[in-house]
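Asker: Pasting coords08.cif here (mmCIF, C-alpha atoms; chains and numbers go by the auth columns):
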```cif
data_target
#
loop_
_atom_site.group_PDB
_atom_site.id
_atom_site.type_symbol
_atom_site.label_atom_id
_atom_site.label_comp_id
_atom_site.label_asym_id
_atom_site.label_seq_id
_atom_site.Cartn_x
_atom_site.Cartn_y
_atom_site.Cartn_z
_atom_site.B_iso_or_equiv
_atom_site.auth_seq_id
_atom_site.auth_asym_id
ATOM 1 C CA PHE A 1 0.000 0.000 0.000 0.00 25 J
ATOM 2 C CA CYS A 2 2.645 2.525 0.976 0.00 26 J
ATOM 3 C CA GLN A 3 5.662 2.053 -1.205 0.00 27 J
ATOM 4 C CA GLY A 4 7.286 5.069 -2.821 0.00 28 J
ATOM 5 C CA SER A 5 7.916 8.585 -1.638 0.00 29 J
ATOM 6 C CA LEU A 6 5.969 11.762 -1.063 0.00 30 J
ATOM 7 C CA GLN A 7 8.797 13.904 -2.458 0.00 31 J
ATOM 8 C CA ILE A 8 7.584 14.826 -5.959 0.00 32 J
ATOM 9 C CA PRO A 9 9.104 17.950 -7.507 0.00 33 J
ATOM 10 C CA SER A 10 6.460 20.613 -8.095 0.00 34 J
ATOM 11 C CA SER A 11 7.278 20.792 -11.798 0.00 35 J
ATOM 12 C CA VAL A 12 6.481 17.100 -12.143 0.00 36 J
ATOM 13 C CA SER A 13 3.534 16.887 -9.773 0.00 37 J
ATOM 14 C CA GLY A 14 1.495 19.410 -11.719 0.00 38 J
ATOM 15 C CA ALA A 15 1.989 17.445 -14.922 0.00 39 J
ATOM 16 C CA MET A 16 1.009 14.088 -13.456 0.00 40 J
ATOM 17 C CA SER A 17 -2.552 13.093 -14.218 0.00 41 J
ATOM 18 C CA GLU A 18 -4.800 11.879 -11.432 0.00 42 J
ATOM 19 C CA ALA A 19 -5.154 8.558 -13.237 0.00 43 J
ATOM 20 C CA LYS A 20 -1.411 7.851 -12.998 0.00 44 J
ATOM 21 C CA LYS A 21 -1.033 8.572 -9.278 0.00 45 J
ATOM 22 C CA PRO A 22 -0.917 5.343 -7.267 0.00 46 J
ATOM 23 C CA ARG A 23 -3.793 5.217 -4.811 0.00 47 J
ATOM 24 C CA VAL A 24 -5.235 2.862 -2.266 0.00 48 J
ATOM 25 C CA THR A 25 -8.968 2.450 -2.723 0.00 49 J
ATOM 26 C CA ASN A 26 -11.351 3.844 -0.132 0.00 50 J
ATOM 27 C CA ALA A 27 -12.360 1.550 2.678 0.00 51 J
ATOM 28 C CA PRO A 28 -15.922 0.267 2.419 0.00 52 J
ATOM 29 C CA ASN A 29 -18.432 2.150 4.549 0.00 53 J
ATOM 30 C CA PRO A 30 -19.548 -0.212 7.342 0.00 54 J
ATOM 31 C CA ASP A 31 -22.566 1.986 8.153 0.00 55 J
ATOM 32 C CA SER A 32 -24.617 1.518 4.997 0.00 56 J
ATOM 33 C CA ALA A 33 -24.546 1.065 1.248 0.00 57 J
ATOM 34 C CA PRO A 34 -21.359 1.886 -0.684 0.00 58 J
ATOM 35 C CA SER A 35 -20.492 5.568 -0.538 0.00 59 J
ATOM 36 C CA ILE A 36 -17.705 8.063 -1.047 0.00 60 J
ATOM 37 C CA ARG A 37 -16.661 7.866 2.620 0.00 61 J
ATOM 38 C CA GLY A 38 -13.135 6.801 3.464 0.00 62 J
ATOM 39 C CA LEU A 39 -9.593 7.889 2.885 0.00 63 J
ATOM 40 C CA ASP A 40 -8.177 8.590 -0.563 0.00 64 J
ATOM 41 C CA LEU A 41 -4.682 7.361 0.151 0.00 65 J
ATOM 42 C CA PRO A 42 -1.580 8.168 -1.838 0.00 66 J
ATOM 43 C CA GLN A 43 1.398 5.943 -1.185 0.00 67 J
ATOM 44 C CA PHE A 44 3.604 6.877 1.784 0.00 68 J
ATOM 45 C CA ASP A 45 7.191 6.042 2.716 0.00 69 J
ATOM 46 C CA GLY A 46 7.455 5.920 6.492 0.00 70 J
ATOM 47 C CA SER A 47 11.031 4.621 6.552 0.00 71 J
ATOM 48 C CA GLY A 48 12.823 5.783 9.678 0.00 72 J
ATOM 49 C CA LEU A 49 9.681 6.900 11.533 0.00 73 J
ATOM 50 C CA LYS A 50 9.339 5.894 15.181 0.00 74 J
ATOM 51 C CA ILE A 51 5.697 5.234 16.045 0.00 75 J
ATOM 52 C CA GLY A 52 4.134 4.465 19.411 0.00 76 J
ATOM 53 C CA ILE A 53 0.807 2.716 19.842 0.00 77 J
ATOM 54 C CA VAL A 54 -1.205 2.890 23.067 0.00 78 J
ATOM 55 C CA SER A 55 -3.933 0.253 23.078 0.00 79 J
ATOM 56 C CA ALA A 56 -6.640 -0.356 25.664 0.00 80 J
ATOM 57 C CA ARG A 57 -7.233 -3.912 26.854 0.00 81 J
ATOM 58 C CA TRP A 58 -10.937 -3.214 27.547 0.00 82 J
ATOM 59 C CA ASN A 59 -13.016 -4.794 24.741 0.00 83 J
ATOM 60 C CA SER A 60 -9.875 -6.704 23.776 0.00 84 J
ATOM 61 C CA PRO A 61 -11.263 -8.730 20.840 0.00 85 J
ATOM 62 C CA VAL A 62 -11.902 -5.401 19.122 0.00 86 J
ATOM 63 C CA THR A 63 -8.793 -3.507 20.280 0.00 87 J
ATOM 64 C CA THR A 64 -6.488 -6.431 19.454 0.00 88 J
ATOM 65 C CA SER A 65 -7.823 -6.499 15.901 0.00 89 J
ATOM 66 C CA LEU A 66 -7.507 -2.703 15.590 0.00 90 J
ATOM 67 C CA THR A 67 -3.923 -2.799 16.882 0.00 91 J
ATOM 68 C CA ASP A 68 -3.040 -5.575 14.424 0.00 92 J
ATOM 69 C CA GLY A 69 -4.566 -3.541 11.573 0.00 93 J
ATOM 70 C CA CYS A 70 -2.609 -0.448 12.582 0.00 94 J
ATOM 71 C CA LEU A 71 0.606 -2.453 12.756 0.00 95 J
ATOM 72 C CA GLU A 72 -0.072 -3.928 9.319 0.00 96 J
ATOM 73 C CA ALA A 73 -0.617 -0.481 7.774 0.00 97 J
ATOM 74 C CA LEU A 74 2.504 0.981 9.393 0.00 98 J
ATOM 75 C CA GLN A 75 4.627 -1.866 8.072 0.00 99 J
ATOM 76 C CA ALA A 76 3.026 -1.519 4.612 0.00 100 J
ATOM 77 C CA CYS A 77 4.379 2.059 4.700 0.00 101 J
ATOM 78 C CA SER A 78 7.926 0.772 5.355 0.00 102 J
ATOM 79 C CA VAL A 79 7.921 1.517 9.093 0.00 103 J
ATOM 80 C CA LYS A 80 10.110 -1.240 10.524 0.00 104 J
ATOM 81 C CA ARG A 81 8.629 -3.415 13.269 0.00 105 J
ATOM 82 C CA GLU A 82 11.523 -2.519 15.572 0.00 106 J
ATOM 83 C CA ASP A 83 10.570 1.165 15.175 0.00 107 J
ATOM 84 C CA ILE A 84 7.050 0.515 16.497 0.00 108 J
ATOM 85 C CA THR A 85 6.424 0.363 20.248 0.00 109 J
ATOM 86 C CA ILE A 86 3.115 -0.950 21.574 0.00 110 J
ATOM 87 C CA GLU A 87 2.025 -0.237 25.145 0.00 111 J
ATOM 88 C CA TYR A 88 -1.179 -1.515 26.716 0.00 112 J
ATOM 89 C CA VAL A 89 -3.399 0.159 29.297 0.00 113 J
ATOM 90 C CA SER A 90 -6.561 -0.972 31.077 0.00 114 J
ATOM 91 C CA GLY A 91 -9.118 1.140 29.252 0.00 115 J
ATOM 92 C CA CYS A 92 -9.690 4.201 27.120 0.00 116 J
ATOM 93 C CA TYR A 93 -9.578 6.615 30.035 0.00 117 J
ATOM 94 C CA GLU A 94 -5.915 5.707 30.647 0.00 118 J
ATOM 95 C CA ILE A 95 -4.862 6.227 27.017 0.00 119 J
ATOM 96 C CA PRO A 96 -4.112 9.993 27.065 0.00 120 J
ATOM 97 C CA ALA A 97 -1.868 9.704 30.150 0.00 121 J
ATOM 98 C CA ALA A 98 0.045 6.754 28.653 0.00 122 J
ATOM 99 C CA ALA A 99 0.453 8.618 25.352 0.00 123 J
ATOM 100 C CA GLN A 100 1.777 11.615 27.291 0.00 124 J
ATOM 101 C CA VAL A 101 4.406 9.428 29.001 0.00 125 J
ATOM 102 C CA MET A 102 5.516 8.154 25.592 0.00 126 J
ATOM 103 C CA LEU A 103 5.611 11.679 24.146 0.00 127 J
ATOM 104 C CA ASP A 104 7.669 12.888 27.118 0.00 128 J
ATOM 105 C CA SER A 105 10.342 10.329 26.194 0.00 129 J
ATOM 106 C CA ARG A 106 10.943 12.289 22.946 0.00 130 J
ATOM 107 C CA GLY A 107 11.477 8.936 21.236 0.00 131 J
ATOM 108 C CA PHE A 108 8.522 9.012 18.856 0.00 132 J
ATOM 109 C CA ASP A 109 7.485 10.857 15.714 0.00 133 J
ATOM 110 C CA GLY A 110 3.842 10.085 16.452 0.00 134 J
ATOM 111 C CA ILE A 111 1.478 8.077 18.623 0.00 135 J
ATOM 112 C CA VAL A 112 -1.654 6.114 17.708 0.00 136 J
ATOM 113 C CA CYS A 113 -4.263 5.830 20.483 0.00 137 J
ATOM 114 C CA ILE A 114 -6.473 2.744 20.112 0.00 138 J
ATOM 115 C CA GLY A 115 -9.563 1.916 22.140 0.00 139 J
ATOM 116 C CA CYS A 116 -13.194 0.933 21.931 0.00 140 J
ATOM 117 C CA LEU A 117 -16.105 2.394 23.865 0.00 141 J
ATOM 118 C CA ILE A 118 -19.500 0.700 23.665 0.00 142 J
ATOM 119 C CA LYS A 119 -22.533 2.563 24.961 0.00 143 J
ATOM 120 C CA GLY A 120 -24.310 1.030 27.927 0.00 144 J
ATOM 121 C CA GLU A 121 -27.326 2.064 29.968 0.00 145 J
ATOM 122 C CA THR A 122 -25.636 4.853 31.956 0.00 146 J
ATOM 123 C CA MET A 123 -23.844 8.122 31.196 0.00 147 J
ATOM 124 C CA HIS A 124 -20.433 6.449 31.653 0.00 148 J
ATOM 125 C CA PHE A 125 -19.951 6.182 27.856 0.00 149 J
ATOM 126 C CA GLU A 126 -20.456 9.925 27.348 0.00 150 J
ATOM 127 C CA TYR A 127 -18.121 10.920 30.197 0.00 151 J
ATOM 128 C CA ILE A 128 -15.298 8.638 29.064 0.00 152 J
ATOM 129 C CA SER A 129 -15.739 9.568 25.388 0.00 153 J
ATOM 130 C CA GLU A 130 -15.534 13.277 26.128 0.00 154 J
ATOM 131 C CA ALA A 131 -12.526 12.961 28.448 0.00 155 J
ATOM 132 C CA VAL A 132 -10.544 10.766 26.056 0.00 156 J
ATOM 133 C CA THR A 133 -11.367 12.928 23.031 0.00 157 J
ATOM 134 C CA GLN A 134 -10.305 16.125 24.795 0.00 158 J
ATOM 135 C CA GLY A 135 -7.190 14.454 26.214 0.00 159 J
ATOM 136 C CA ILE A 136 -5.979 13.235 22.822 0.00 160 J
ATOM 137 C CA MET A 137 -6.663 16.603 21.171 0.00 161 J
ATOM 138 C CA ARG A 138 -4.751 18.364 23.916 0.00 162 J
ATOM 139 C CA LEU A 139 -1.738 16.114 23.354 0.00 163 J
ATOM 140 C CA ASN A 140 -1.762 17.017 19.645 0.00 164 J
ATOM 141 C CA LEU A 141 -1.748 20.713 20.420 0.00 165 J
ATOM 142 C CA ASP A 142 0.591 20.699 23.430 0.00 166 J
ATOM 143 C CA TYR A 143 3.267 18.426 21.950 0.00 167 J
ATOM 144 C CA LYS A 144 2.888 19.536 18.330 0.00 168 J
ATOM 145 C CA LEU A 145 3.286 15.930 17.225 0.00 169 J
ATOM 146 C CA PRO A 146 0.708 13.655 15.591 0.00 170 J
ATOM 147 C CA VAL A 147 -1.420 11.825 18.157 0.00 171 J
ATOM 148 C CA ILE A 148 -3.958 9.830 16.169 0.00 172 J
ATOM 149 C CA TYR A 149 -7.478 9.413 17.517 0.00 173 J
ATOM 150 C CA GLY A 150 -8.216 5.721 17.149 0.00 174 J
ATOM 151 C CA ILE A 151 -11.097 5.403 19.571 0.00 175 J
ATOM 152 C CA LEU A 152 -14.228 3.650 18.360 0.00 176 J
ATOM 153 C CA GLY A 153 -17.443 4.970 19.894 0.00 177 J
ATOM 154 C CA CYS A 154 -20.139 2.396 19.161 0.00 178 J
ATOM 155 C CA LEU A 155 -23.711 1.776 20.230 0.00 179 J
ATOM 156 C CA ASN A 156 -23.318 -2.019 20.406 0.00 180 J
ATOM 157 C CA GLU A 157 -20.833 -4.864 20.048 0.00 181 J
ATOM 158 C CA SER A 158 -21.750 -5.674 16.449 0.00 182 J
ATOM 159 C CA GLN A 159 -20.900 -2.098 15.381 0.00 183 J
ATOM 160 C CA ALA A 160 -17.541 -2.386 17.135 0.00 184 J
ATOM 161 C CA LYS A 161 -16.746 -5.725 15.494 0.00 185 J
ATOM 162 C CA ALA A 162 -17.689 -4.380 12.053 0.00 186 J
ATOM 163 C CA ARG A 163 -15.335 -1.408 12.453 0.00 187 J
ATOM 164 C CA ALA A 164 -12.480 -3.616 13.656 0.00 188 J
ATOM 165 C CA GLY A 165 -12.829 -6.389 11.089 0.00 189 J
ATOM 166 C CA VAL A 166 -13.471 -8.959 13.843 0.00 190 J
ATOM 167 C CA ASP A 167 -14.474 -12.372 12.431 0.00 191 J
ATOM 168 C CA GLY A 168 -14.167 -10.984 8.903 0.00 192 J
ATOM 169 C CA ALA A 169 -16.945 -8.439 9.436 0.00 193 J
ATOM 170 C CA GLY A 170 -16.597 -4.942 7.979 0.00 194 J
ATOM 171 C CA HIS A 171 -13.357 -3.018 7.671 0.00 195 J
ATOM 172 C CA ASN A 172 -10.497 -2.745 10.160 0.00 196 J
ATOM 173 C CA SER A 173 -10.268 0.953 11.045 0.00 197 J
ATOM 174 C CA GLY A 174 -6.882 0.306 12.654 0.00 198 J
ATOM 175 C CA LYS A 175 -5.415 0.248 9.143 0.00 199 J
ATOM 176 C CA ASP A 176 -6.740 3.753 8.483 0.00 200 J
ATOM 177 C CA TRP A 177 -5.130 4.983 11.698 0.00 201 J
ATOM 178 C CA GLY A 178 -1.762 3.470 10.751 0.00 202 J
ATOM 179 C CA PHE A 179 -1.805 5.190 7.362 0.00 203 J
ATOM 180 C CA THR A 180 -2.936 8.435 8.999 0.00 204 J
ATOM 181 C CA ALA A 181 -0.055 8.264 11.470 0.00 205 J
ATOM 182 C CA VAL A 182 2.518 7.969 8.685 0.00 206 J
ATOM 183 C CA GLU A 183 0.924 10.735 6.618 0.00 207 J
ATOM 184 C CA SER A 184 0.744 13.063 9.632 0.00 208 J
ATOM 185 C CA CYS A 185 4.341 12.373 10.674 0.00 209 J
ATOM 186 C CA LEU A 186 5.583 13.031 7.144 0.00 210 J
ATOM 187 C CA LEU A 187 3.698 16.345 7.073 0.00 211 J
ATOM 188 C CA LYS A 188 5.271 17.347 10.390 0.00 212 J
ATOM 189 C CA LYS A 189 8.754 16.437 9.120 0.00 213 J
ATOM 190 C CA LYS A 190 8.201 18.324 5.859 0.00 214 J
ATOM 191 C CA TYR A 191 7.478 21.609 7.617 0.00 215 J
ATOM 192 C CA ALA A 192 9.988 21.100 10.426 0.00 216 J
ATOM 193 C CA LYS A 193 12.742 21.423 7.795 0.00 217 J
ATOM 194 C CA LEU A 194 11.698 24.938 6.751 0.00 218 J
#
```
Represent the supplied structure as structure tokens.
Answerer:
Amino acid sequence: FCQGSLQIPSSVSGAMSEAKKPRVTNAPNPDSAPSIRGLDLPQFDGSGLKIGIVSARWNSPVTTSLTDGCLEALQACSVKREDITIEYVSGCYEIPAAAQVMLDSRGFDGIVCIGCLIKGETMHFEYISEAVTQGIMRLNLDYKLPVIYGILGCLNESQAKARAGVDGAGHNSGKDWGFTAVESCLLKKKYAKL
């Protein structure tokens, strides 16, 4: 999926037709009939990037699949397995603090936060969702490094499984997050050189 380089001289890039640019097809929309939703992915070269993944153990059949999908996408973009660190935490609420510890080490170009929240009968889902969302956004802004929001917020277990590719159902969103991490890190590196 991610072979090649993003460095295309401007004189050449303008002349290239859209049909000739290598692309990865959009992921199928697990919510309904086929649509235009999904990422339009050019090919990325993530060689040399150091990526951290923080994954929650809560709802582990889903988060394990998402983590595997993320790992697969990172490696498809030439990020070496030894340059990927995976840390596990109890649940989604612990993810922002663990990501902050990893960011404080200054050993990563980006972090992918992976978790799954499934709505129950109480307000717990809303409180955790809001706290985790705000925590991850704050890390992006405070550290000025890519911290990818890979938290599924689902109404039931079947929605979660479909978005994690569990038992062959749906599409594994973890792959999207891996590609997004590489793309975001490359953007950061591009402008850090100026």
Asker: For the file shown, report as a list in words the outcome of the PyMOL selection byres ((chain J and resi 196) around 9) at residue level.
Answerer: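 When the PyMOL selection byres ((chain J and resi 196) around 9) is applied, the selected residues are Ala51, Ser89, Leu90, Gly93, Cys94, Lys185, Ala186, Arg187, Ala188, Gly189, Val190, Ala193, Gly194, His195, Ser197, Gly198, Lys199 and Asp200 of chain J.
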Asker: Next, the residues of the selection above should be written as a short mmCIF file (atom, residue, chain, number, x, y, z; two decimals), in the frame of the given file with C-alpha atoms.
Answerer:
```cif
data_model
loop_
_atom_site.label_atom_id
_atom_site.label_comp_id
_atom_site.auth_asym_id
_atom_site.auth_seq_id
_atom_site.Cartn_x
_atom_site.Cartn_y
_atom_site.Cartn_z
CA ALA J 51 -12.36 1.55 2.68
CA SER J 89 -7.82 -6.50 15.90
CA LEU J 90 -7.51 -2.70 15.59
CA GLY J 93 -4.57 -3.54 11.57
CA CYS J 94 -2.61 -0.45 12.58
CA LYS J 185 -16.75 -5.72 15.49
CA ALA J 186 -17.69 -4.38 12.05
CA ARG J 187 -15.34 -1.41 12.45
CA ALA J 188 -12.48 -3.62 13.66
CA GLY J 189 -12.83 -6.39 11.09
CA VAL J 190 -13.47 -8.96 13.84
CA ALA J 193 -16.94 -8.44 9.44
CA GLY J 194 -16.60 -4.94 7.98
CA HIS J 195 -13.36 -3.02 7.67
CA SER J 197 -10.27 0.95 11.04
CA GLY J 198 -6.88 0.31 12.65
CA LYS J 199 -5.42 0.25 9.14
CA ASP J 200 -6.74 3.75 8.48
#
```
Asker: Once the PyMOL selection byres ((chain J and resi 76) around 7) has been applied to the shown file, what residues remain in the selection, as an MDAnalysis selection string?
Answerer: chainID J and resid 74:75 77:78 108:110 132 134:136
Asker: Could you write out the selected residues, including C-alpha atoms, as a PDB file, in the frame of the given file?
Answerer:
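Result went into again27.pdb, see below:
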```
ATOM      1  CA  LYS J  74       9.339   5.894  15.181  1.00  0.00           C
ATOM      2  CA  ILE J  75       5.697   5.234  16.045  1.00  0.00           C
ATOM      3  CA  ILE J  77       0.807   2.716  19.842  1.00  0.00           C
ATOM      4  CA  VAL J  78      -1.205   2.890  23.067  1.00  0.00           C
ATOM      5  CA  ILE J 108       7.050   0.515  16.497  1.00  0.00           C
ATOM      6  CA  THR J 109       6.424   0.363  20.248  1.00  0.00           C
ATOM      7  CA  ILE J 110       3.115  -0.950  21.574  1.00  0.00           C
ATOM      8  CA  PHE J 132       8.522   9.012  18.856  1.00  0.00           C
ATOM      9  CA  GLY J 134       3.842  10.085  16.452  1.00  0.00           C
ATOM     10  CA  ILE J 135       1.478   8.077  18.623  1.00  0.00           C
ATOM     11  CA  VAL J 136      -1.654   6.114  17.708  1.00  0.00           C
TER      12      VAL J 136
END
```
Asker: So how far away is CA of Leu141 (chain J) from CA of Ala97 (chain J), in Å?
Answerer: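 Answer for the CA of Ala97 (chain J) to CA of Leu141 (chain J) separation: 22.5 Å.
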Asker: In terms of the shortest atom-to-atom distance over all atoms listed in the file, which of J:Leu73, J:Ser84, J:Glu154, J:Ala216 is closest to Arg105 (chain J)?
Answerer: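 Looking at the shortest contact to Arg105 (chain J), the residue is J:Leu73.
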Asker: Residues around (3.1, 14.3, 26.1), cut-off 12 Å, counting all atoms listed in the file - what are they as a PyMOL selection string?
Answerer: chain J and resi 76+119-135+159-171
